[in-house]
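A short worksheet on the structure shown next.
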Amino acid sequence: MTWFEAVAIVVAAVVFMEWWAWFAHKYIMHGFGWAWHRDHHEPHDNTFERNDLFAVVFGTINAAMYIFGSLYWEWLWWAAVGISIYGVIYTLVHDGLVHQRYFRWVPKKGYAKRLVQAHKLHHATIGKEGGVSFGFVLARDPQKLKAELKAQRESGLAVVRDAQI
């Protein structure tokens, strides 16, 4: 495999992971996996959340990709590298910046502020129904997300905390 092919696979995996993260967040975590994800949406003082089990499961899959990639399919090993890179970006943005599990910094402008606002709006719903902004790195305009939440509340699709919209 050439370096160009390896880099292309890594980049494709990073890009794919934002779609996968959106899909998994919307349909797994806010679906049948809600029992694990619920505590992430509720106030608590615990260092760890049951929601962190998703990282263990997805990390185990990623480790298996490294193993099988090194033994059988080189392209799979490089895809695992891309997934690992996305994992680092995810943990820095979601756990670090948005939820401030590692450091305290509230962005005042720019895309970092938009990411924080979009994810805070994701947490504006009570329960697993409805919601906006299920991705982690790509964030839509917060004003459009607020309008979506308002429409979801008015239609009865979601219960929304009043202070958020």
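Convention: chains lettered A, B, ... in structure tokens order; per-chain residue numbering from 1; ligands numbered from 1 as shown.
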Residues near Ala80 of chain A, cut-off 8 Å, only C-alpha atoms, skip fewer than 5 positions along chain, as a PDB file with N, CA and C atoms, in the first residue's frame:
```pdb
ATOM      1  N   VAL A  10      -7.058   6.974   6.055  1.00  0.00           N
ATOM      2  CA  VAL A  10      -7.130   7.642   7.356  1.00  0.00           C
ATOM      3  C   VAL A  10      -8.097   8.825   7.285  1.00  0.00           C
ATOM      4  N   ALA A  13     -11.670   7.691   6.965  1.00  0.00           N
ATOM      5  CA  ALA A  13     -12.170   7.166   8.235  1.00  0.00           C
ATOM      6  C   ALA A  13     -12.545   8.291   9.190  1.00  0.00           C
ATOM      7  N   ASN A  62     -12.429  -0.829  17.866  1.00  0.00           N
ATOM      8  CA  ASN A  62     -11.275  -0.213  17.221  1.00  0.00           C
ATOM      9  C   ASN A  62     -10.011  -1.041  17.444  1.00  0.00           C
ATOM     10  N   ALA A  63      -9.827  -1.555  18.655  1.00  0.00           N
ATOM     11  CA  ALA A  63      -8.663  -2.407  18.945  1.00  0.00           C
ATOM     12  C   ALA A  63      -8.698  -3.665  18.078  1.00  0.00           C
ATOM     13  N   MET A  65     -10.007  -3.889  15.183  1.00  0.00           N
ATOM     14  CA  MET A  65      -9.648  -3.465  13.827  1.00  0.00           C
ATOM     15  C   MET A  65      -8.134  -3.395  13.659  1.00  0.00           C
ATOM     16  N   TYR A  66      -7.426  -2.897  14.671  1.00  0.00           N
ATOM     17  CA  TYR A  66      -5.958  -2.877  14.623  1.00  0.00           C
ATOM     18  C   TYR A  66      -5.405  -4.300  14.520  1.00  0.00           C
TER      19      TYR A  66
END
```
One-decimal distance in Å that lies between atom CA of Phe58 of chain A and atom CA of Trp20 of chain A: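 That distance, rounded to one decimal, is 11.2 Å.
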Every residue of chain A that DSSP places in alpha helix (DSSP H), as a ChimeraX atom specification: /A:3-23,34-37,53-71,74-90,110-122,142-155
For Val14 of chain A: contacts at 12 Å, only C-alpha atoms, fewer than 6 positions along chain excluded, given as a list in words: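 The residues satisfying every condition are Val7, Ala8, Trp20, Ala21, Trp78, Ala79, Ala80, Val81, Gly82, Ile83, Ser84, Ile85, Tyr86, Gly87, Val88, Ile89, Tyr90 and Val137 of chain A.
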Only N, CA and C atoms, please: the residues just picked out, written as a short mmCIF file (atom, residue, chain, number, x, y, z; two decimals), in the first residue's frame.
```
data_model
loop_
_atom_site.label_atom_id
_atom_site.label_comp_id
_atom_site.auth_asym_id
_atom_site.auth_seq_id
_atom_site.Cartn_x
_atom_site.Cartn_y
_atom_site.Cartn_z
N VAL A 7 -2.93 7.45 3.67
CA VAL A 7 -3.43 8.75 4.12
C VAL A 7 -4.90 8.94 3.69
N ALA A 8 -5.22 8.50 2.47
CA ALA A 8 -6.60 8.61 1.99
C ALA A 8 -7.55 7.79 2.87
N TRP A 20 -20.86 8.46 11.43
CA TRP A 20 -21.15 7.35 12.33
C TRP A 20 -21.50 7.86 13.72
N ALA A 21 -20.78 8.87 14.21
CA ALA A 21 -21.05 9.43 15.53
C ALA A 21 -22.46 10.01 15.58
N TRP A 78 -5.20 0.98 8.82
CA TRP A 78 -5.18 2.43 8.57
C TRP A 78 -6.54 3.06 8.88
N ALA A 79 -7.63 2.34 8.64
CA ALA A 79 -8.95 2.85 9.02
C ALA A 79 -9.03 3.00 10.55
N ALA A 80 -8.44 2.05 11.27
CA ALA A 80 -8.40 2.14 12.74
C ALA A 80 -7.61 3.37 13.20
N VAL A 81 -6.56 3.72 12.46
CA VAL A 81 -5.80 4.94 12.78
C VAL A 81 -6.72 6.16 12.65
N GLY A 82 -7.47 6.22 11.55
CA GLY A 82 -8.40 7.34 11.35
C GLY A 82 -9.45 7.41 12.44
N ILE A 83 -9.97 6.26 12.85
CA ILE A 83 -10.96 6.21 13.92
C ILE A 83 -10.34 6.69 15.23
N SER A 84 -9.10 6.30 15.48
CA SER A 84 -8.41 6.76 16.69
C SER A 84 -8.22 8.27 16.69
N ILE A 85 -7.86 8.82 15.53
CA ILE A 85 -7.70 10.28 15.41
C ILE A 85 -9.03 10.96 15.70
N TYR A 86 -10.13 10.43 15.14
CA TYR A 86 -11.44 10.99 15.42
C TYR A 86 -11.75 10.89 16.91
N GLY A 87 -11.38 9.78 17.53
CA GLY A 87 -11.61 9.60 18.96
C GLY A 87 -10.92 10.66 19.80
N VAL A 88 -9.70 11.02 19.41
CA VAL A 88 -8.97 12.07 20.12
C VAL A 88 -9.67 13.41 19.92
N ILE A 89 -10.06 13.70 18.67
CA ILE A 89 -10.79 14.95 18.39
C ILE A 89 -12.09 14.97 19.20
N TYR A 90 -12.82 13.87 19.20
CA TYR A 90 -14.08 13.77 19.93
C TYR A 90 -13.89 14.05 21.42
N VAL A 137 -18.52 17.17 15.77
CA VAL A 137 -17.51 18.09 15.25
C VAL A 137 -18.13 19.12 14.30
#
```
Minimum-distance residue to Arg101 of chain A, chosen among A:Phe48, A:Met29, A:Ala118, A:Tyr72 (using only C-alpha atoms):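 Smallest distance to Arg101 of chain A is found for A:Phe48.
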Proximity to Ile126 of chain A - best of A:Leu145, A:Ala139, A:Leu157, A:Leu53, only C-alpha atoms: A:Leu157
Those in chain A with strand (DSSP E or B) from DSSP, as a ChimeraX atom specification: /A:125-126,159-160
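Proximity ranking of A:Gly127, A:Pro142, A:Gly33, A:Gly135 relative to Val15 of chain A places A:Gly135 first, based on only C-alpha atoms.
Distance annotation: of A:Lys128, A:Val11, A:Ala147, A:Leu97, the residue with the minimal separation from Asp39 of chain A is A:Lys128; atom set is only C-alpha atoms.
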Nearest to Leu138 of chain A by atom-to-atom distance, counting only C-alpha atoms, from A:Ala6, A:Ala151, A:Val57, A:Met17: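 Closest to Leu138 of chain A, using only C-alpha atoms: A:Met17.
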